[in-house]
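> So here's model_30.txt (compact mmCIF, C-alpha atoms).
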```
# COMPACT_ATOMS: atom_id res chain seq x y z
CA MET N 1 8.90 -24.74 -8.56
CA ARG N 2 11.94 -25.44 -6.35
CA LEU N 3 14.82 -27.50 -7.71
CA ALA N 4 16.71 -30.12 -5.74
CA ILE N 5 19.59 -27.70 -5.16
CA GLY N 6 17.21 -25.16 -3.64
CA VAL N 7 17.12 -22.64 -6.48
CA VAL N 8 13.81 -21.33 -7.78
CA ARG N 9 13.26 -21.82 -11.49
CA PRO N 10 11.05 -19.10 -12.99
CA CYS N 11 8.25 -20.44 -15.16
CA ASN N 12 7.67 -19.38 -18.75
CA PRO N 13 3.98 -18.47 -19.10
CA PRO N 14 2.40 -17.91 -22.50
CA VAL N 15 2.88 -14.38 -23.78
CA SER N 16 -0.26 -12.39 -22.98
CA LYS N 17 -1.89 -9.85 -25.19
CA HIS N 18 -0.51 -7.08 -22.98
CA MET N 19 3.14 -7.94 -23.48
CA ALA N 20 4.74 -5.79 -26.12
CA ILE N 21 6.81 -7.59 -28.77
CA GLU N 22 9.66 -5.43 -29.93
CA HIS N 23 12.21 -6.17 -32.64
CA SER N 24 15.48 -4.59 -31.56
CA ALA N 25 18.69 -4.76 -33.56
CA THR N 26 21.44 -4.01 -31.06
CA ASN N 27 25.11 -3.73 -31.92
CA HIS N 28 25.68 -7.19 -30.53
CA VAL N 29 22.91 -8.67 -32.63
CA ALA N 30 23.98 -6.80 -35.71
CA LYS N 31 27.45 -8.28 -35.32
CA HIS N 32 25.92 -11.74 -35.62
CA GLY N 33 23.76 -10.71 -38.56
CA ALA N 34 20.45 -11.46 -36.87
CA LYS N 35 17.58 -9.82 -35.04
CA ARG N 36 16.21 -11.02 -31.74
CA LEU N 37 12.78 -10.71 -30.18
CA ARG N 38 12.70 -8.80 -26.92
CA LEU N 39 9.64 -9.37 -24.71
CA THR N 40 8.98 -6.57 -22.29
CA ASN N 41 6.06 -5.97 -19.99
CA SER N 42 4.33 -2.74 -20.94
CA TRP N 43 4.78 -1.42 -17.40
CA ASN N 44 8.20 0.22 -17.58
CA SER N 45 10.54 0.66 -14.65
CA LEU N 46 13.47 3.03 -14.90
CA GLY N 47 16.10 4.00 -12.39
CA SER N 48 15.17 6.47 -9.69
CA ASP N 49 17.56 9.03 -11.17
CA SER N 50 15.80 9.05 -14.52
CA GLY N 51 13.77 12.05 -15.59
CA LYS N 52 11.38 9.85 -17.51
CA CYS N 53 8.02 8.85 -16.11
CA ARG N 54 7.89 5.37 -14.60
CA THR N 55 4.15 4.92 -14.82
CA ALA N 56 2.08 2.27 -16.55
CA THR N 57 1.90 2.74 -20.31
CA ARG N 58 -0.93 0.38 -21.00
CA ILE N 59 -2.35 0.35 -24.51
CA SER N 60 -5.65 -1.08 -23.35
CA LYS N 61 -8.30 1.10 -21.72
CA LEU N 62 -9.59 0.30 -18.28
CA GLY N 63 -12.60 2.53 -18.69
CA ASP N 64 -15.24 -0.11 -19.36
CA ARG N 65 -14.28 -2.21 -16.32
CA TRP N 66 -12.84 0.32 -13.93
CA LYS N 67 -15.17 -0.59 -11.08
CA GLU N 68 -14.05 -4.21 -11.29
CA TYR N 69 -10.43 -3.16 -11.04
CA GLN N 70 -11.37 -0.99 -8.07
CA GLY N 71 -12.82 -4.06 -6.35
CA ILE N 72 -16.58 -3.73 -6.83
CA LYS N 73 -16.68 -7.54 -7.31
CA ASN N 74 -13.93 -8.15 -4.76
CA TRP N 75 -11.42 -8.81 -7.56
CA GLU N 76 -12.98 -12.18 -8.33
CA GLY N 77 -11.30 -13.82 -11.30
CA LEU N 78 -8.57 -11.16 -11.50
CA LEU N 79 -5.95 -12.42 -9.05
CA ASP N 80 -5.29 -16.05 -10.01
CA PRO N 81 -4.15 -15.81 -12.71
CA LEU N 82 -3.24 -12.17 -12.22
CA ASP N 83 -4.94 -9.97 -14.79
CA ASP N 84 -2.33 -7.90 -16.65
CA ASP N 85 -4.33 -4.68 -16.37
CA LEU N 86 -4.72 -5.20 -12.62
CA ARG N 87 -1.00 -5.91 -12.33
CA SER N 88 -0.28 -2.63 -14.08
CA GLU N 89 -2.64 -0.72 -11.78
CA ILE N 90 -1.15 -2.26 -8.61
CA LEU N 91 2.33 -1.30 -9.76
CA ARG N 92 1.15 2.18 -10.69
CA TYR N 93 -0.30 2.77 -7.22
CA GLY N 94 2.86 1.31 -5.71
CA GLN N 95 4.79 4.06 -7.45
CA PHE N 96 2.72 6.70 -5.68
CA VAL N 97 3.76 5.13 -2.36
CA GLU N 98 7.37 5.02 -3.51
CA ALA N 99 7.10 8.75 -4.29
CA ALA N 100 6.02 9.35 -0.68
CA TYR N 101 9.23 7.70 0.51
CA ARG N 102 11.34 9.71 -1.93
CA CYS N 103 9.79 12.97 -0.83
CA PHE N 104 10.42 12.36 2.87
CA ASP N 105 13.62 13.83 4.31
CA PHE N 106 15.25 11.05 6.36
CA ASP N 107 18.37 13.12 7.21
CA THR N 108 18.21 13.83 10.95
CA SER N 109 20.81 16.60 10.59
CA SER N 110 18.74 18.44 8.00
CA GLN N 111 16.61 21.47 8.80
CA THR N 112 13.82 19.84 6.81
CA TYR N 113 14.01 16.49 8.62
CA ALA N 114 10.63 14.69 8.64
CA LYS N 115 9.24 17.12 6.06
CA SER N 116 8.79 16.83 2.30
CA ARG N 117 11.97 17.59 0.37
CA PHE N 118 10.07 18.99 -2.61
CA PRO N 119 7.46 21.72 -3.16
CA ARG N 120 3.93 20.44 -3.69
CA ASN N 121 3.68 21.67 -7.29
CA SER N 122 6.80 19.81 -8.43
CA MET N 123 6.66 16.86 -6.05
CA LEU N 124 5.59 14.13 -8.51
CA ALA N 125 7.92 15.41 -11.22
CA GLN N 126 10.86 15.28 -8.80
CA CYS N 127 9.97 11.65 -8.05
CA GLY N 128 9.77 10.58 -11.70
CA LEU N 129 5.98 10.78 -11.95
CA GLY N 130 5.72 14.04 -13.82
CA LYS N 131 3.83 12.37 -16.67
CA SER N 132 1.45 10.41 -14.45
CA GLY N 133 -1.43 12.79 -15.17
CA TYR N 134 -1.91 13.54 -11.45
CA ARG N 135 -1.45 16.77 -9.51
CA VAL N 136 -0.76 16.94 -5.78
CA THR N 137 -3.41 19.02 -4.03
CA LYS N 138 -2.56 18.46 -0.37
CA ASN N 139 0.42 17.55 1.79
CA LEU N 140 -0.50 15.35 4.76
CA ARG N 141 1.00 15.25 8.24
CA ALA N 142 0.49 12.71 11.02
CA THR N 143 0.95 13.49 14.71
CA CYS N 144 2.14 10.97 17.26
CA GLY N 145 0.05 11.22 20.41
CA VAL N 146 2.37 9.21 22.65
CA GLN N 147 3.47 11.02 25.80
CA LEU N 148 7.14 10.58 26.77
CA PRO N 149 8.52 10.99 30.31
CA ARG N 150 9.75 14.47 31.17
CA TRP N 151 13.37 13.33 31.52
CA VAL N 152 13.28 12.05 27.92
CA ASN N 153 11.94 15.39 26.69
CA ASP N 154 14.74 17.16 28.59
CA LYS N 155 17.58 14.96 27.35
CA ALA N 156 16.62 13.78 23.85
CA SER N 157 17.60 15.47 20.61
CA SER N 158 14.95 17.42 18.74
CA TRP N 159 14.81 14.89 15.87
CA ILE N 160 13.91 12.13 18.35
CA LEU N 161 11.03 14.22 19.68
CA ALA N 162 9.62 15.17 16.26
CA ASN N 163 5.97 14.28 16.67
CA SER N 164 4.18 15.87 13.70
CA ASN N 165 5.68 14.67 10.45
CA TRP N 166 4.99 14.60 6.72
CA ILE N 167 3.29 11.27 6.01
CA GLY N 168 2.01 11.51 2.42
CA TYR N 169 -0.18 13.45 0.04
CA VAL N 170 -3.44 13.68 -1.89
CA ALA N 171 -3.24 13.81 -5.70
CA VAL N 172 -6.00 14.20 -8.29
CA CYS N 173 -5.92 12.99 -11.88
CA ASN N 174 -6.37 16.03 -14.11
CA ASP N 175 -5.09 14.75 -17.46
CA LYS N 176 -7.93 14.19 -19.92
CA ASP N 177 -6.22 11.27 -21.66
CA GLU N 178 -5.53 9.51 -18.37
CA ILE N 179 -9.10 10.15 -17.20
CA ALA N 180 -10.34 8.62 -20.46
CA ARG N 181 -8.08 5.59 -19.98
CA LEU N 182 -9.17 5.07 -16.38
CA GLY N 183 -12.85 5.69 -17.12
CA ARG N 184 -13.18 8.15 -14.23
CA ARG N 185 -11.32 10.86 -12.36
CA ASP N 186 -9.17 9.18 -9.72
CA VAL N 187 -8.00 10.61 -6.41
CA VAL N 188 -4.93 9.02 -4.82
CA ILE N 189 -4.08 9.22 -1.13
CA ALA N 190 -0.57 7.83 -0.61
CA PHE N 191 1.09 7.09 2.74
CA ARG N 192 4.72 6.17 3.49
CA GLY N 193 5.77 3.70 6.18
CA THR N 194 7.40 4.19 9.58
CA ALA N 195 10.31 6.64 9.62
CA THR N 196 10.67 8.44 12.97
CA CYS N 197 11.35 7.36 16.54
CA LEU N 198 7.92 8.31 17.84
CA GLU N 199 6.26 6.48 14.95
CA TRP N 200 8.10 3.32 15.98
CA ILE N 201 6.82 3.79 19.53
CA GLU N 202 3.27 4.20 18.23
CA ASN N 203 3.67 0.95 16.29
CA LEU N 204 4.40 -0.84 19.56
CA ARG N 205 1.18 0.36 21.20
CA ALA N 206 -0.51 -2.78 19.97
CA THR N 207 -3.47 -3.17 22.32
CA LEU N 208 -6.89 -2.63 20.76
CA THR N 209 -8.90 0.46 21.56
CA CYS N 210 -12.43 1.57 20.67
CA LEU N 211 -12.98 3.88 17.72
CA PRO N 212 -14.39 7.34 18.47
CA HIS N 213 -18.15 7.56 18.03
CA ASP N 214 -17.88 10.16 15.28
CA MET N 215 -16.17 7.64 12.98
CA GLY N 216 -19.53 6.22 11.95
CA HIS N 217 -22.37 4.34 13.64
CA GLN N 218 -21.48 0.87 14.86
CA THR N 219 -23.85 -1.83 16.06
CA ARG N 220 -20.97 -3.92 17.40
CA GLU N 221 -17.78 -2.63 18.96
CA PRO N 222 -15.08 -2.03 16.34
CA MET N 223 -11.63 -1.70 17.88
CA VAL N 224 -8.28 -0.86 16.27
CA GLU N 225 -4.62 -0.76 17.22
CA SER N 226 -4.02 2.08 19.68
CA GLY N 227 -0.92 3.50 18.02
CA PHE N 228 -2.41 3.61 14.52
CA LEU N 229 -5.54 5.36 15.78
CA SER N 230 -3.41 7.84 17.71
CA MET N 231 -1.49 8.80 14.58
CA TYR N 232 -4.70 9.15 12.59
CA THR N 233 -6.64 11.30 15.09
CA SER N 234 -4.01 13.24 17.09
CA SER N 235 -3.48 16.95 16.42
CA THR N 236 -1.18 19.68 17.64
CA THR N 237 -1.99 23.14 18.96
CA ASN N 238 -0.91 24.56 15.61
CA GLY N 239 -2.23 21.97 13.19
CA PRO N 240 -5.11 19.59 12.48
CA SER N 241 -5.02 15.81 12.68
CA LEU N 242 -4.34 13.59 9.69
CA ARG N 243 -7.99 12.61 9.81
CA ASP N 244 -9.22 16.20 9.57
CA MET N 245 -6.83 17.03 6.72
CA VAL N 246 -7.91 14.03 4.65
CA LYS N 247 -11.64 14.52 5.20
CA GLU N 248 -11.49 18.23 4.42
CA GLU N 249 -9.56 17.64 1.19
CA ILE N 250 -11.76 14.77 -0.01
CA ALA N 251 -14.91 16.81 0.70
CA LYS N 252 -13.51 19.69 -1.34
CA ILE N 253 -12.57 17.43 -4.26
CA SER N 254 -15.90 15.62 -4.13
CA ASN N 255 -17.78 18.91 -4.36
CA MET N 256 -15.56 20.15 -7.17
CA TYR N 257 -16.15 17.07 -9.36
CA ASN N 258 -19.61 16.02 -8.24
CA ASP N 259 -20.89 15.78 -11.81
CA GLU N 260 -18.49 13.05 -12.98
CA PRO N 261 -17.41 9.53 -11.95
CA LEU N 262 -14.93 9.78 -9.09
CA SER N 263 -12.89 7.16 -7.25
CA VAL N 264 -10.69 7.45 -4.17
CA THR N 265 -7.76 5.03 -4.09
CA ILE N 266 -5.85 4.94 -0.80
CA THR N 267 -2.49 3.23 -0.95
CA GLY N 268 0.33 2.74 1.51
CA HIS N 269 3.11 0.49 2.72
CA SER N 270 3.65 -0.87 6.25
CA LEU N 271 2.41 1.83 8.68
CA GLY N 272 1.01 3.58 5.60
CA ALA N 273 -1.06 0.48 4.82
CA ALA N 274 -2.59 0.60 8.31
CA LEU N 275 -3.37 4.32 7.97
CA ALA N 276 -4.88 3.64 4.53
CA THR N 277 -7.27 1.10 6.08
CA LEU N 278 -8.31 3.51 8.84
CA THR N 279 -8.80 6.30 6.32
CA ALA N 280 -10.98 4.12 4.11
CA TYR N 281 -13.10 3.08 7.09
CA ASP N 282 -13.59 6.71 8.08
CA LEU N 283 -14.40 8.01 4.57
CA THR N 284 -16.98 5.31 3.83
CA ALA N 285 -18.63 5.81 7.21
CA THR N 286 -18.79 9.60 7.28
CA CYS N 287 -18.35 11.05 3.76
CA ASP N 288 -20.23 11.11 0.44
CA PRO N 289 -21.71 7.60 -0.01
CA ARG N 290 -21.39 7.92 -3.80
CA LEU N 291 -17.60 7.72 -3.55
CA LEU N 292 -16.07 4.37 -4.44
CA VAL N 293 -13.27 4.01 -1.89
CA THR N 294 -10.58 1.40 -2.53
CA VAL N 295 -7.44 0.47 -0.62
CA VAL N 296 -4.35 -1.03 -2.27
CA SER N 297 -2.01 -1.88 0.60
CA PHE N 298 1.49 -3.35 0.62
CA GLY N 299 2.97 -5.20 3.60
CA GLY N 300 0.48 -3.88 6.11
CA PRO N 301 0.21 -5.03 9.74
CA ARG N 302 -3.12 -6.03 11.26
CA VAL N 303 -5.32 -3.07 12.14
CA GLY N 304 -8.48 -4.05 14.02
CA ASN N 305 -10.69 -6.74 15.51
CA GLY N 306 -13.51 -8.81 14.03
CA SER N 307 -16.12 -6.10 14.55
CA PHE N 308 -13.92 -3.62 12.70
CA ARG N 309 -13.67 -6.07 9.82
CA CYS N 310 -17.44 -6.63 9.73
CA GLN N 311 -18.08 -2.88 9.71
CA LEU N 312 -15.65 -2.45 6.80
CA GLU N 313 -17.44 -5.16 4.82
CA ARG N 314 -20.89 -3.70 5.50
CA SER N 315 -19.77 -0.25 4.38
CA GLY N 316 -18.64 -1.58 0.99
CA THR N 317 -15.00 -0.56 1.44
CA ARG N 318 -12.81 -2.52 -0.97
CA ILE N 319 -9.37 -3.50 0.32
CA LEU N 320 -6.77 -5.34 -1.74
CA ARG N 321 -4.26 -6.45 0.87
CA ILE N 322 -0.99 -7.50 -0.78
CA VAL N 323 0.98 -9.79 1.50
CA ASN N 324 4.40 -11.41 1.28
CA SER N 325 4.14 -14.67 3.21
CA ASP N 326 7.80 -14.25 4.23
CA ASP N 327 7.17 -10.77 5.68
CA LEU N 328 6.90 -10.88 9.48
CA ILE N 329 5.20 -7.47 9.70
CA THR N 330 2.05 -8.82 8.04
CA LYS N 331 1.71 -11.34 10.89
CA MET N 332 1.64 -8.66 13.58
CA PRO N 333 0.39 -7.45 15.99
CA GLY N 334 -1.46 -9.77 18.33
CA PHE N 335 -3.29 -12.98 17.56
CA VAL N 336 -5.61 -13.43 14.61
CA ALA N 337 -9.26 -14.42 14.94
CA ASN N 338 -10.75 -17.36 13.08
CA SER N 339 -12.09 -15.89 9.83
CA HIS N 340 -15.10 -18.23 9.80
CA ASP N 341 -16.18 -17.03 13.25
CA VAL N 342 -15.88 -13.37 12.23
CA ALA N 343 -17.82 -13.87 8.99
CA ASN N 344 -20.66 -15.67 10.76
CA LYS N 345 -20.69 -13.31 13.77
CA ARG N 346 -20.08 -16.14 16.20
CA ASP N 347 -17.99 -16.00 19.35
CA VAL N 348 -14.50 -15.34 18.11
CA HIS N 349 -11.84 -18.02 18.61
CA VAL N 350 -8.14 -17.46 18.14
CA ARG N 351 -6.59 -19.37 15.29
CA GLY N 352 -3.94 -21.96 16.13
CA LEU N 353 -4.10 -21.86 19.95
CA PRO N 354 -4.81 -24.85 22.25
CA SER N 355 -8.23 -24.80 23.87
CA TRP N 356 -6.89 -24.19 27.39
CA LEU N 357 -5.27 -20.93 26.21
CA GLN N 358 -8.15 -19.77 24.02
CA LYS N 359 -10.24 -18.15 26.75
CA ARG N 360 -7.40 -16.23 28.34
CA VAL N 361 -6.29 -14.74 25.04
CA GLU N 362 -9.84 -13.92 23.94
CA ASP N 363 -10.36 -11.87 27.11
CA THR N 364 -7.38 -9.66 26.25
CA GLN N 365 -7.33 -6.79 23.78
CA TRP N 366 -4.95 -8.61 21.46
CA VAL N 367 -7.27 -10.52 19.12
CA TYR N 368 -7.18 -9.09 15.59
CA ALA N 369 -8.86 -10.02 12.31
CA ASP N 370 -7.38 -9.78 8.83
CA VAL N 371 -9.35 -7.49 6.52
CA GLY N 372 -10.03 -7.22 2.81
CA LYS N 373 -9.12 -9.44 -0.11
CA GLU N 374 -5.73 -11.00 0.41
CA PHE N 375 -3.31 -11.28 -2.51
CA ARG N 376 -0.56 -13.51 -1.16
CA LEU N 377 2.91 -13.65 -2.69
CA SER N 378 6.22 -15.09 -1.50
CA SER N 379 9.83 -13.96 -1.72
CA SER N 380 10.84 -17.61 -2.04
CA HIS N 381 9.22 -17.72 -5.49
CA SER N 382 11.69 -15.20 -6.89
CA PRO N 383 15.15 -16.51 -7.84
CA TYR N 384 16.52 -13.09 -6.91
CA LEU N 385 15.11 -12.98 -3.37
CA SER N 386 15.22 -16.57 -2.10
CA ASN N 387 17.73 -15.64 0.63
CA GLY N 388 16.08 -12.38 1.59
CA ASN N 389 16.29 -11.15 5.19
CA LEU N 390 13.52 -9.55 7.22
CA ALA N 391 14.15 -6.06 5.84
CA THR N 392 14.24 -7.27 2.24
CA CYS N 393 11.03 -9.25 2.63
CA HIS N 394 9.24 -6.15 3.92
CA ASP N 395 10.71 -3.65 1.44
CA LEU N 396 8.24 -1.97 -0.90
CA LYS N 397 10.49 -2.70 -3.89
CA THR N 398 10.30 -6.40 -3.03
CA TYR N 399 6.51 -6.22 -3.13
CA LEU N 400 6.51 -4.52 -6.53
CA HIS N 401 9.01 -7.04 -7.82
CA LEU N 402 6.81 -9.94 -6.68
CA VAL N 403 3.65 -8.41 -8.14
CA ASN N 404 5.40 -7.91 -11.45
CA GLY N 405 6.66 -11.49 -11.50
CA PHE N 406 3.52 -13.29 -10.34
CA VAL N 407 1.42 -15.09 -12.95
CA SER N 408 -0.73 -17.63 -11.08
CA SER N 409 -0.62 -20.13 -8.22
CA THR N 410 0.79 -22.68 -10.67
CA CYS N 411 3.34 -20.21 -12.06
CA PRO N 412 4.27 -17.94 -9.14
CA PHE N 413 7.10 -16.15 -10.92
CA ARG N 414 7.61 -15.57 -14.63
CA ALA N 415 11.01 -15.80 -16.25
CA THR N 416 10.62 -12.45 -18.04
CA ALA N 417 10.77 -10.51 -14.75
CA ARG N 418 14.33 -9.47 -14.03
CA ARG N 419 16.27 -7.82 -11.23
CA VAL N 420 17.85 -4.62 -12.50
CA LEU N 421 20.51 -3.69 -9.94
CA SER N 422 22.40 -5.48 -7.20
CA SER N 423 21.05 -5.31 -3.65
CA THR N 424 24.29 -3.66 -2.57
CA GLN N 425 23.64 -0.61 -4.71
CA SER N 426 21.87 2.38 -3.22
CA LYS N 427 19.45 2.80 -6.11
CA GLU N 428 18.29 -0.78 -6.22
CA GLN N 429 15.28 -1.66 -8.36
CA VAL N 430 14.10 -5.23 -7.82
CA TYR N 431 11.18 -5.00 -10.21
CA ALA N 432 11.41 -4.77 -13.97
```
Any chance you could give the structure as structure tokens?

Amino acid sequence: MRLAIGVVRPCNPPVSKHMAIEHSATNHVAKHGAKRLRLTNSWNSLGSDSGKCRTATRISKLGDRWKEYQGIKNWEGLLDPLDDDLRSEILRYGQFVEAAYRCFDFDTSSQTYAKSRFPRNSMLAQCGLGKSGYRVTKNLRATCGVQLPRWVNDKASSWILANSNWIGYVAVCNDKDEIARLGRRDVVIAFRGTATCLEWIENLRATLTCLPHDMGHQTREPMVESGFLSMYTSSTTNGPSLRDMVKEEIAKISNMYNDEPLSVTITGHSLGAALATLTAYDLTATCDPRLLVTVVSFGGPRVGNGSFRCQLERSGTRILRIVNSDDLITKMPGFVANSHDVANKRDVHVRGLPSWLQKRVEDTQWVYADVGKEFRLSSSHSPYLSNGNLATCHDLKTYLHLVNGFVSSTCPFRATARRVLSSTQSKEQVYA
């Protein structure tokens, strides 16, 4: 609810069964001779410099309904109001994406620029997820296939030309208590967002292109953004493509644990969200059909056309697409097709264009379709982000903050969610 002076007032929803009630007698309270009730969400966020684990510490077990939380029923009845267990799981997967950012070396003067800063065996522990119950089994690299002019190659610094970079990792849950809580063994594939010059160039290659034939049989013509596909399928003379690395690792894990329930959860932010969608499409089309593949994406751009969306839906891929309505990146690239036309396999019309312009746009390779189940949030609903700029609206921490604060469409932000540090501080946490 927005007040007359333009400030958002957080609502005060009823305390749910998953909110822990703690009696804490602090020095301040003791001075006044009283105790106060402190309500805290059971998902705990600590500073990035803490050695403690910042994962969900849910008391309840997800085991009996894990397929619902993985989207087998398209998250019906879980998003509005937002189910507390689903909130906890979204935030938990968001932390795996945050770990991918923390691992990446952004320092262009470093010898390890565009690589992981930490060894695989200690990676999650270094990022505060040492008690998550997961173990990293594979580092992932993505190669930019864009060809630069020779004069650029001759003049540019080596960091500008870095074309094969660390993009994320595969991790497997191997803790028996966590497996029992989740109701299955979970595999996480986590992707970071755009970080290098060539990755930005790939992002701008926004025309649609046909998928390779070996990415599954298609009766219609699925097409995806050229730059995203390039990063997913390109390889170097010395190394495989991101696609080959992911498929090889998932096949190995699937064979290793073929006698138990297994899920693959692919999560990413921005460019990572687009790569997560492509990866899910590929795995469901070409890998073990028994795998339940789910995408949890944050702030992702559009990926493909209407045929691509239809193919995803037919394959049973579950995508929870978390969108900030104030985030410009989620409205790019291209134009968006009318969802009703895509769903009913009619001639696609572009949403929001005058009729005289429709035909010209439809004949171009710029007509996209949104995919998956949309979970829409807004920075304007948070009293801490109402004046956020473009970068803030797209930031992963903003997304986690909004997920943690959202209750329902009638109560878009709860008063118990707090901002921890100022936006001017380097270790900002905008979710609590």
> Using 10 Å as the limit and counting only C-alpha atoms, can you tabulate each residue of stretch 295-320 of chain N that touches stretch 382-405 of chain N, with its shortest atom-to-atom distance in Å and the two atoms involved, as JSON lines?

```
{"residue": "N:Phe298", "atom": "CA", "partner": "N:Tyr399", "partner_atom": "CA", "distance": 6.9}
{"residue": "N:Gly299", "atom": "CA", "partner": "N:His394", "partner_atom": "CA", "distance": 6.3}
{"residue": "N:Gly300", "atom": "CA", "partner": "N:His394", "partner_atom": "CA", "distance": 9.3}
```
> Counting only C-alpha atoms, figure out which residue out of N:Ser270, N:Ser122, N:Ser378, N:Asn163 gets nearest to N:Thr194.
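Residue with the minimum atom-to-atom distance to N:Thr194: N:Ser270.
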> Have a look at N:Val187, N:Cys197, N:Val293, N:Ala206 and name the one nearest to N:Tyr257; count all atoms listed in the file.
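The closest residue to N:Tyr257 is N:Val187.
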> Can you pull out every residue within 6 Å of stretch 90-102 of chain N, counting all atoms listed in the file, but drop anything in the same chain fewer than 2 positions away, and send it as a ChimeraX atom specification?
/N:55-56,87-88,104,127,168,190,192,268
> Find the residue from N:Leu129, N:Ala142, N:Leu79, N:Val224 that sits nearest to N:Ser241; use only C-alpha atoms when measuring.
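Using only C-alpha atoms, the shortest distance to N:Ser241 belongs to N:Ala142.
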> Mind giving me the straight-line distance from atom CA of N:Asn238 to atom CA of N:Val264 in Å, one decimal?
27.9 Å
> Which residue is closest to N:Val336? Choose from N:Arg117, N:Arg309, N:Arg414, N:Arg135 and count all atoms listed in the file.
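With all atoms listed in the file as the atom set, the closest residue is N:Arg309.
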> Just give me the gap between atom CA of N:Thr284 and atom CA of N:Ser315 in Å, one decimal is fine.
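For atom CA of N:Thr284 relative to atom CA of N:Ser315, the distance reads 6.2 Å.
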> Name the closest residue to N:Ser226 among the candidates N:Asn305, N:Ser158, N:Val246, N:Ala280; distances are taken between atoms, counting all atoms listed in the file.
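The answer is N:Asn305, which sits nearest to N:Ser226.
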> Write out as AutoDock Vina command-line options an axis-aligned box for stretch 241-245 of chain N: all of its atoms listed in the file, 3 Å added on each side, centre and edge lengths in Å with one decimal.

```
--center_x -6.8 --center_y 14.8 --center_z 9.7 --size_x 10.9 --size_y 10.4 --size_z 12.0
```
> Counting all atoms listed in the file, which of N:Cys173, N:Glu68, N:Tyr368, N:Thr108 gets nearest to N:Pro222?
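Under the stated criterion, the closest residue is N:Tyr368.
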> One decimal, Å: what's the distance from atom CA of N:Cys310 over to atom CA of N:Ala369, could you say?
9.6 Å
> For stretch 142-146 of chain N in the structure I just supplied, write out all heavy atoms - as an mmCIF file, in the first residue's frame.

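selection.cif, freshly written:
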```cif
data_model
loop_
_atom_site.group_PDB
_atom_site.id
_atom_site.type_symbol
_atom_site.label_atom_id
_atom_site.label_comp_id
_atom_site.auth_asym_id
_atom_site.auth_seq_id
_atom_site.Cartn_x
_atom_site.Cartn_y
_atom_site.Cartn_z
ATOM 1 N N ALA N 142 31.985 -21.411 -19.719
ATOM 2 C CA ALA N 142 31.230 -21.064 -20.928
ATOM 3 C C ALA N 142 32.144 -20.314 -21.881
ATOM 4 O O ALA N 142 32.943 -19.468 -21.455
ATOM 5 C CB ALA N 142 30.011 -20.219 -20.577
ATOM 6 N N THR N 143 32.030 -20.626 -23.161
ATOM 7 C CA THR N 143 32.884 -20.021 -24.184
ATOM 8 C C THR N 143 32.060 -19.092 -25.063
ATOM 9 O O THR N 143 30.992 -19.473 -25.550
ATOM 10 C CB THR N 143 33.547 -21.107 -25.058
ATOM 11 O OG1 THR N 143 34.349 -21.950 -24.226
ATOM 12 C CG2 THR N 143 34.403 -20.482 -26.146
ATOM 13 N N CYS N 144 32.558 -17.888 -25.249
ATOM 14 C CA CYS N 144 31.900 -16.938 -26.144
ATOM 15 C C CYS N 144 32.351 -17.222 -27.576
ATOM 16 O O CYS N 144 33.548 -17.262 -27.867
ATOM 17 C CB CYS N 144 32.257 -15.502 -25.757
ATOM 18 S SG CYS N 144 31.728 -15.048 -24.091
ATOM 19 N N GLY N 145 31.391 -17.406 -28.454
ATOM 20 C CA GLY N 145 31.711 -17.757 -29.836
ATOM 21 C C GLY N 145 31.813 -16.564 -30.762
ATOM 22 O O GLY N 145 32.061 -16.729 -31.958
ATOM 23 N N VAL N 146 31.635 -15.355 -30.241
ATOM 24 C CA VAL N 146 31.662 -14.167 -31.090
ATOM 25 C C VAL N 146 33.060 -13.947 -31.656
ATOM 26 O O VAL N 146 34.060 -14.140 -30.969
ATOM 27 C CB VAL N 146 31.186 -12.926 -30.294
ATOM 28 C CG1 VAL N 146 32.115 -12.650 -29.118
ATOM 29 C CG2 VAL N 146 31.070 -11.715 -31.183
#
```
